[in-house]
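Shown here: final.txt, compact mmCIF, C-alpha atoms.
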```
# COMPACT_ATOMS: atom_id res chain seq x y z
CA ALA S 1 -22.84 -7.24 88.31
CA GLN S 2 -20.01 -9.67 87.82
CA SER S 3 -16.42 -8.49 87.61
CA VAL S 4 -12.91 -9.88 87.36
CA SER S 5 -9.81 -8.33 88.88
CA GLN S 6 -6.31 -9.24 87.78
CA HIS S 7 -3.72 -8.07 90.25
CA ASN S 8 -0.79 -7.35 87.98
CA HIS S 9 -0.97 -5.58 84.65
CA HIS S 10 2.69 -6.17 83.80
CA VAL S 11 4.96 -8.97 84.99
CA ILE S 12 8.58 -9.50 83.98
CA LEU S 13 10.33 -12.76 84.83
CA SER S 14 13.47 -14.59 83.85
CA GLU S 15 13.35 -18.00 82.21
CA ALA S 16 12.92 -20.89 84.67
CA ALA S 17 11.30 -18.64 87.28
CA SER S 18 8.00 -19.70 88.80
CA LEU S 19 4.86 -17.84 87.82
CA GLU S 20 1.68 -16.99 89.64
CA LEU S 21 -0.87 -14.57 88.17
CA GLY S 22 -3.65 -13.48 90.47
CA CYS S 23 -7.33 -13.40 89.56
CA ASN S 24 -10.29 -12.59 91.78
CA TYR S 25 -13.88 -12.46 90.67
CA SER S 26 -17.17 -11.15 91.92
CA TYR S 27 -20.32 -13.05 90.99
CA GLY S 28 -23.54 -13.85 92.82
CA GLY S 29 -23.77 -17.55 92.05
CA THR S 30 -21.84 -20.57 90.85
CA VAL S 31 -19.34 -19.86 88.15
CA ASN S 32 -17.29 -21.26 85.35
CA LEU S 33 -13.75 -19.86 85.27
CA PHE S 34 -11.28 -19.51 82.43
CA TRP S 35 -7.81 -18.35 81.55
CA TYR S 36 -7.25 -17.22 77.98
CA VAL S 37 -3.88 -16.38 76.46
CA GLN S 38 -2.90 -14.23 73.52
CA TYR S 39 0.59 -14.82 72.16
CA PRO S 40 2.13 -12.00 70.11
CA GLY S 41 0.43 -11.78 66.73
CA GLN S 42 -2.00 -14.61 67.49
CA HIS S 43 -5.65 -15.05 68.43
CA LEU S 44 -6.97 -15.32 71.93
CA GLN S 45 -7.02 -18.99 72.86
CA LEU S 46 -8.23 -21.04 75.81
CA LEU S 47 -5.48 -21.99 78.26
CA LEU S 48 -7.62 -23.83 80.82
CA LYS S 49 -11.07 -23.84 82.39
CA TYR S 50 -12.83 -24.84 85.59
CA PHE S 51 -16.44 -25.97 85.62
CA SER S 52 -16.74 -28.27 88.65
CA GLY S 53 -14.96 -31.04 90.52
CA ASP S 54 -11.24 -30.94 91.31
CA PRO S 55 -10.41 -27.27 92.02
CA LEU S 56 -6.91 -27.75 90.60
CA VAL S 57 -7.14 -27.75 86.83
CA LYS S 58 -4.39 -28.33 84.33
CA GLY S 59 -4.18 -26.67 80.96
CA ILE S 60 -1.94 -26.59 77.96
CA LYS S 61 1.80 -25.91 78.04
CA GLY S 62 2.26 -26.86 81.69
CA PHE S 63 -0.09 -24.24 83.14
CA GLU S 64 -2.43 -24.95 86.03
CA ALA S 65 -4.92 -22.95 88.06
CA GLU S 66 -6.53 -23.42 91.44
CA PHE S 67 -10.09 -22.42 92.23
CA ILE S 68 -10.46 -21.30 95.84
CA LYS S 69 -14.16 -20.67 96.37
CA SER S 70 -13.77 -19.04 99.79
CA LYS S 71 -11.40 -16.47 98.32
CA PHE S 72 -13.23 -16.02 95.00
CA SER S 73 -9.87 -16.63 93.34
CA PHE S 74 -8.59 -18.53 90.33
CA ASN S 75 -4.84 -17.97 90.20
CA LEU S 76 -2.76 -19.19 87.29
CA ARG S 77 0.56 -20.95 87.96
CA LYS S 78 3.48 -22.45 86.14
CA PRO S 79 6.53 -23.89 87.94
CA SER S 80 9.11 -22.88 85.34
CA VAL S 81 8.40 -20.35 82.61
CA GLN S 82 9.92 -20.26 79.16
CA TRP S 83 10.63 -17.39 76.81
CA SER S 84 7.73 -18.63 74.64
CA ASP S 85 5.29 -17.90 77.50
CA THR S 86 5.58 -14.19 76.74
CA ALA S 87 1.97 -13.20 76.11
CA GLU S 88 -1.13 -11.42 77.41
CA TYR S 89 -3.12 -13.49 79.91
CA PHE S 90 -6.81 -12.93 80.62
CA CYS S 91 -8.90 -14.38 83.41
CA ALA S 92 -12.63 -14.68 82.70
CA VAL S 93 -15.81 -15.74 84.49
CA LYS S 94 -19.27 -16.82 83.42
CA GLY S 95 -22.31 -17.92 85.35
CA SER S 96 -22.64 -21.70 85.29
CA GLY S 97 -26.36 -21.69 84.57
CA GLY S 98 -25.84 -22.18 80.86
CA GLY S 99 -27.20 -18.79 79.91
CA ALA S 100 -26.06 -16.65 77.04
CA ASP S 101 -24.54 -13.87 79.08
CA GLY S 102 -21.04 -14.08 77.65
CA LEU S 103 -17.71 -14.07 79.45
CA THR S 104 -16.59 -11.29 81.75
CA PHE S 105 -12.87 -10.71 81.31
CA GLY S 106 -10.29 -9.06 83.50
CA LYS S 107 -8.05 -6.35 82.10
CA GLY S 108 -5.26 -8.79 81.40
CA THR S 109 -1.67 -9.30 82.53
CA HIS S 110 1.15 -8.68 80.11
CA LEU S 111 3.84 -11.25 80.87
CA ILE S 112 7.35 -10.80 79.55
CA ILE S 113 9.89 -13.59 79.94
CA GLN S 114 13.51 -12.53 79.61
CA PRO S 115 15.93 -15.13 78.23
CA GLU T 1 -5.49 -21.24 63.53
CA THR T 2 -8.95 -20.97 65.03
CA GLY T 3 -10.88 -21.14 61.77
CA VAL T 4 -12.54 -17.82 62.55
CA THR T 5 -11.81 -15.00 60.14
CA GLN T 6 -12.78 -11.36 60.45
CA SER T 7 -12.85 -8.55 57.93
CA PRO T 8 -11.67 -5.95 57.51
CA THR T 9 -8.60 -5.99 59.76
CA HIS T 10 -8.56 -2.21 60.11
CA LEU T 11 -11.19 0.44 59.52
CA ILE T 12 -11.34 4.21 59.94
CA LYS T 13 -14.70 5.95 60.24
CA THR T 14 -15.99 9.37 61.18
CA ARG T 15 -18.23 10.12 64.13
CA GLY T 16 -21.90 9.65 63.20
CA GLN T 17 -21.24 7.13 60.45
CA GLN T 18 -22.34 3.52 60.39
CA VAL T 19 -20.08 0.47 60.16
CA THR T 20 -20.47 -3.24 59.42
CA LEU T 21 -17.90 -5.75 60.59
CA ARG T 22 -17.90 -9.33 59.32
CA CYS T 23 -17.00 -12.70 60.74
CA SER T 24 -16.81 -16.16 59.28
CA SER T 25 -16.98 -19.03 61.76
CA GLN T 26 -15.96 -22.64 61.57
CA SER T 27 -18.44 -24.98 59.94
CA GLY T 28 -20.68 -26.45 62.62
CA HIS T 29 -20.25 -23.56 65.06
CA ASN T 30 -23.81 -22.35 65.45
CA THR T 31 -23.06 -19.80 68.16
CA VAL T 32 -21.24 -16.55 67.60
CA SER T 33 -20.50 -13.81 70.08
CA TRP T 34 -18.95 -10.38 69.68
CA TYR T 35 -16.66 -8.58 72.07
CA GLN T 36 -15.28 -5.04 72.21
CA GLN T 37 -11.73 -4.62 73.48
CA ALA T 38 -10.65 -1.08 74.25
CA LEU T 39 -6.96 -0.29 74.56
CA GLY T 40 -5.53 -1.69 77.81
CA GLN T 41 -8.77 -3.49 78.71
CA GLY T 42 -10.07 -7.02 78.50
CA PRO T 43 -12.72 -7.98 75.95
CA GLN T 44 -16.24 -6.84 76.85
CA PHE T 45 -19.26 -8.91 75.81
CA ILE T 46 -21.55 -7.18 73.29
CA PHE T 47 -24.00 -9.93 72.35
CA GLN T 48 -24.40 -13.54 71.31
CA TYR T 49 -26.31 -15.18 68.45
CA TYR T 50 -27.46 -18.79 68.47
CA ARG T 51 -29.07 -20.25 65.37
CA GLU T 52 -29.55 -16.77 63.88
CA GLU T 53 -31.29 -15.28 66.93
CA GLU T 54 -29.81 -12.93 69.51
CA ASN T 55 -30.01 -14.75 72.83
CA GLY T 56 -27.75 -12.74 75.08
CA ARG T 57 -26.60 -9.15 75.34
CA GLY T 58 -24.12 -7.20 77.39
CA ASN T 59 -24.33 -3.59 78.47
CA PHE T 60 -24.33 -2.05 74.99
CA PRO T 61 -26.94 0.29 73.49
CA PRO T 62 -29.30 -0.74 70.67
CA ARG T 63 -27.18 1.01 68.06
CA PHE T 64 -25.01 -2.11 68.31
CA SER T 65 -26.83 -4.80 66.36
CA GLY T 66 -26.00 -8.02 64.63
CA LEU T 67 -26.96 -10.70 62.21
CA GLN T 68 -26.07 -14.35 61.91
CA PHE T 69 -26.52 -16.28 58.67
CA PRO T 70 -27.02 -20.00 57.99
CA ASN T 71 -23.62 -20.22 56.26
CA TYR T 72 -21.76 -19.57 59.57
CA SER T 73 -21.09 -15.94 58.75
CA SER T 74 -22.19 -13.04 60.90
CA GLU T 75 -22.13 -9.26 61.11
CA LEU T 76 -21.80 -6.61 63.75
CA ASN T 77 -23.40 -3.28 62.85
CA VAL T 78 -22.80 -0.08 64.74
CA ASN T 79 -24.87 3.02 63.97
CA ALA T 80 -24.17 6.63 64.86
CA LEU T 81 -20.53 5.97 65.68
CA GLU T 82 -19.02 7.73 68.67
CA LEU T 83 -15.37 8.38 69.46
CA ASP T 84 -15.53 5.86 72.32
CA ASP T 85 -16.43 3.12 69.85
CA SER T 86 -12.79 3.08 68.79
CA ALA T 87 -11.62 -0.40 69.80
CA LEU T 88 -10.70 -3.88 68.64
CA TYR T 89 -13.83 -5.90 67.86
CA LEU T 90 -13.52 -9.63 68.33
CA CYS T 91 -15.75 -12.36 66.99
CA ALA T 92 -15.83 -15.73 68.75
CA SER T 93 -17.61 -18.89 67.73
CA SER T 94 -18.45 -22.11 69.52
CA VAL T 95 -20.38 -25.32 69.12
CA GLY T 96 -23.79 -24.88 70.67
CA GLN T 97 -23.45 -22.62 73.67
CA GLY T 98 -20.28 -24.37 74.66
CA GLU T 99 -17.69 -22.70 76.77
CA LYS T 100 -14.68 -23.06 74.51
CA LEU T 101 -14.64 -19.99 72.32
CA PHE T 102 -12.62 -19.75 69.14
CA PHE T 103 -11.63 -16.15 68.56
CA GLY T 104 -10.83 -14.31 65.37
CA SER T 105 -7.96 -11.85 65.15
CA GLY T 106 -10.30 -8.89 65.31
CA THR T 107 -11.14 -5.69 63.45
CA GLN T 108 -9.45 -2.54 64.68
CA LEU T 109 -11.96 0.30 64.38
CA SER T 110 -10.87 3.91 64.69
CA VAL T 111 -13.53 6.62 64.91
CA LEU T 112 -12.32 10.15 64.18
```
What does the file become when written as structure tokens?
Amino acid sequence: AQSVSQHNHHVILSEAASLELGCNYSYGGTVNLFWYVQYPGQHLQLLLKYFSGDPLVKGIKGFEAEFIKSKFSFNLRKPSVQWSDTAEYFCAVKGSGGGADGLTFGKGTHLIIQP
Amino acid sequence: ETGVTQSPTHLIKTRGQQVTLRCSSQSGHNTVSWYQQALGQGPQFIFQYYREEENGRGNFPPRFSGLQFPNYSSELNVNALELDDSALYLCASSVGQGEKLFFGSGTQLSVL
């Protein structure tokens, strides 16, 4: 069975600090990988995704993530966070075979940025 | 705005009762999936409907069922409610079986 592990449930940073949120997955095959974000009072929305090709993918609002196949990891990074990045971040995985098996999400990381 | 609306926003039911949750997707989104999010957890896949047929299911019992209609609306039905069914239920739509999901804001279900 596939699973996603997010290393930190709560992260508190000051503005302008660098961010890295860890994500490891377990899946017996090729995968598509995602980061979703939920800002306070808003819907879950896609931040970035990896399907194939360049393992370093860029998303909205200056976020990027690197797929390291040998480590089964897909860590999210941002060089300098802003107060508006305060949100819940979810890593998710899905088999790349195009089936209808849905996304498997991690438990999420609650990120708080202090001004 | 994602263009996906869910109703009601909150619901309180008693153990053993049945509940229907509703979702309205964006026009043209012929795939809808439902997720259950318990407190402190990530969303968990319940099932997916494509062109009004269920074509994928997670690890949920048959008392969780659904319907999808031609007008881009859909329903999640849960029979014989249990206390553990208390959670936020999210609807997500997409074009085809595409990977970009558009989520609604969810229905918070409390089972007493």
Requested in this report: Please check which residues have atoms at most 9 Å from (-32.3, -7.6, 72.4) in the file's coordinates, counting all atoms listed in the file, and write them as a list in words.
Outcome: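 Neighbouring residues, ordered by chain and number, come to Phe47, Glu54, Asn55, Gly56, Arg57, Pro62 and Ser65 of chain T.
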Which chain S residues have any atom within 7 Å of an atom of chain T, and for each, what is the nearest pair of atoms with distance in Å to one decimal, counting all atoms listed in the file, rows sorted by chain and number, as JSON lines?
```
{"residue": "S:Gln42", "atom": "CA", "partner": "T:Ser105", "partner_atom": "CA", "distance": 7.0}
{"residue": "S:His43", "atom": "CA", "partner": "T:Ser105", "partner_atom": "CA", "distance": 5.1}
{"residue": "S:Leu44", "atom": "CA", "partner": "T:Phe103", "partner_atom": "CA", "distance": 5.8}
{"residue": "S:Gln45", "atom": "CA", "partner": "T:Phe102", "partner_atom": "CA", "distance": 6.8}
{"residue": "S:Leu46", "atom": "CA", "partner": "T:Lys100", "partner_atom": "CA", "distance": 6.9}
{"residue": "S:Ala100", "atom": "CA", "partner": "T:Gly56", "partner_atom": "CA", "distance": 4.7}
{"residue": "S:Asp101", "atom": "CA", "partner": "T:Gly56", "partner_atom": "CA", "distance": 5.3}
{"residue": "S:Gly102", "atom": "CA", "partner": "T:Phe45", "partner_atom": "CA", "distance": 5.8}
{"residue": "S:Leu103", "atom": "CA", "partner": "T:Phe45", "partner_atom": "CA", "distance": 6.5}
{"residue": "S:Thr104", "atom": "CA", "partner": "T:Gln44", "partner_atom": "CA", "distance": 6.6}
{"residue": "S:Phe105", "atom": "CA", "partner": "T:Gly42", "partner_atom": "CA", "distance": 5.4}
{"residue": "S:Gly106", "atom": "CA", "partner": "T:Gly42", "partner_atom": "CA", "distance": 5.4}
{"residue": "S:Lys107", "atom": "CA", "partner": "T:Gly42", "partner_atom": "CA", "distance": 4.2}
{"residue": "S:Gly108", "atom": "CA", "partner": "T:Gly42", "partner_atom": "CA", "distance": 5.9}
```
Requested in this report: Find the residues around range 75-78 of chain S up to 7 Å (all atoms listed in the file counted), leave out those fewer than 2 positions away in its own chain, and share them as a ChimeraX atom specification.
Outcome: /S:18-23,62-66,73,80-81
Query raised in the report: Closest to Arg15 in chain T among T:Leu67, T:Leu76, T:Leu81, T:Cys91, using only C-alpha atoms?
Result: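 Nearest to Arg15 in chain T: T:Leu81.
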Query raised in the report: Given the choices T:Leu112, T:Ser74, T:Thr107, T:Asn59, which gets closest to Ala1 in chain S if the distance is worked out from only C-alpha atoms?
Result: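 Among the listed residues, the smallest separation from Ala1 in chain S belongs to T:Asn59.
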Report task. Could you please determine the separation between CA of Glu82 in chain T and CA of Gln6 in chain T in Å, to one decimal place? Result ->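 So the answer is 21.7 Å.
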Query raised in the report: In terms of the shortest atom-to-atom distance over all atoms listed in the file, which of T:Asn77, T:Asn71, T:Gln36, T:Asn30 is closest to Val95 in chain T?
Result: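 Smallest separation from Val95 in chain T among the options: T:Asn30.
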Requested in this report: Return the single residue from S:Leu48, S:Ala17, S:Ile60, S:Val11 that is closest to Leu111 in chain S, with distances computed using only C-alpha atoms.
Outcome: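 For Leu111 in chain S, the nearest of the given residues is S:Val11.
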Query raised in the report: Which residue, T:Thr5, T:Ser24, T:Ser110, T:Gln68, has the smallest gap to Leu88 in chain T when you use all atoms listed in the file?
Result: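 When distances to Leu88 in chain T are compared using all atoms listed in the file, the smallest one comes from T:Ser110.
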Requested in this report: For CA of Ser27 in chain T and CA of Pro8 in chain T, determine how far apart the two atoms are, in Å to one decimal place.
Outcome: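 A separation of 20.3 Å between them.
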Query raised in the report: Which neighbours of Tyr39 in chain S fall inside 7 Å, counting all atoms listed in the file, when residues of the same chain fewer than 6 positions from it are skipped, and could you give them as an MDAnalysis selection string?
Result: chainID S and resid 86:88
Requested in this report: Give me, please, the distance in Å between CA of Ile113 in chain S and CA of Thr9 in chain T, quoted to one decimal.
Outcome: 28.4 Å
Report task. Could you tell me which of T:Val111, T:Asn79, T:Arg63, T:Gln26 comes closest to Leu11 in chain T if we count all atoms listed in the file? Result ->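 That would be T:Val111, the residue with the smallest distance to Leu11 in chain T.
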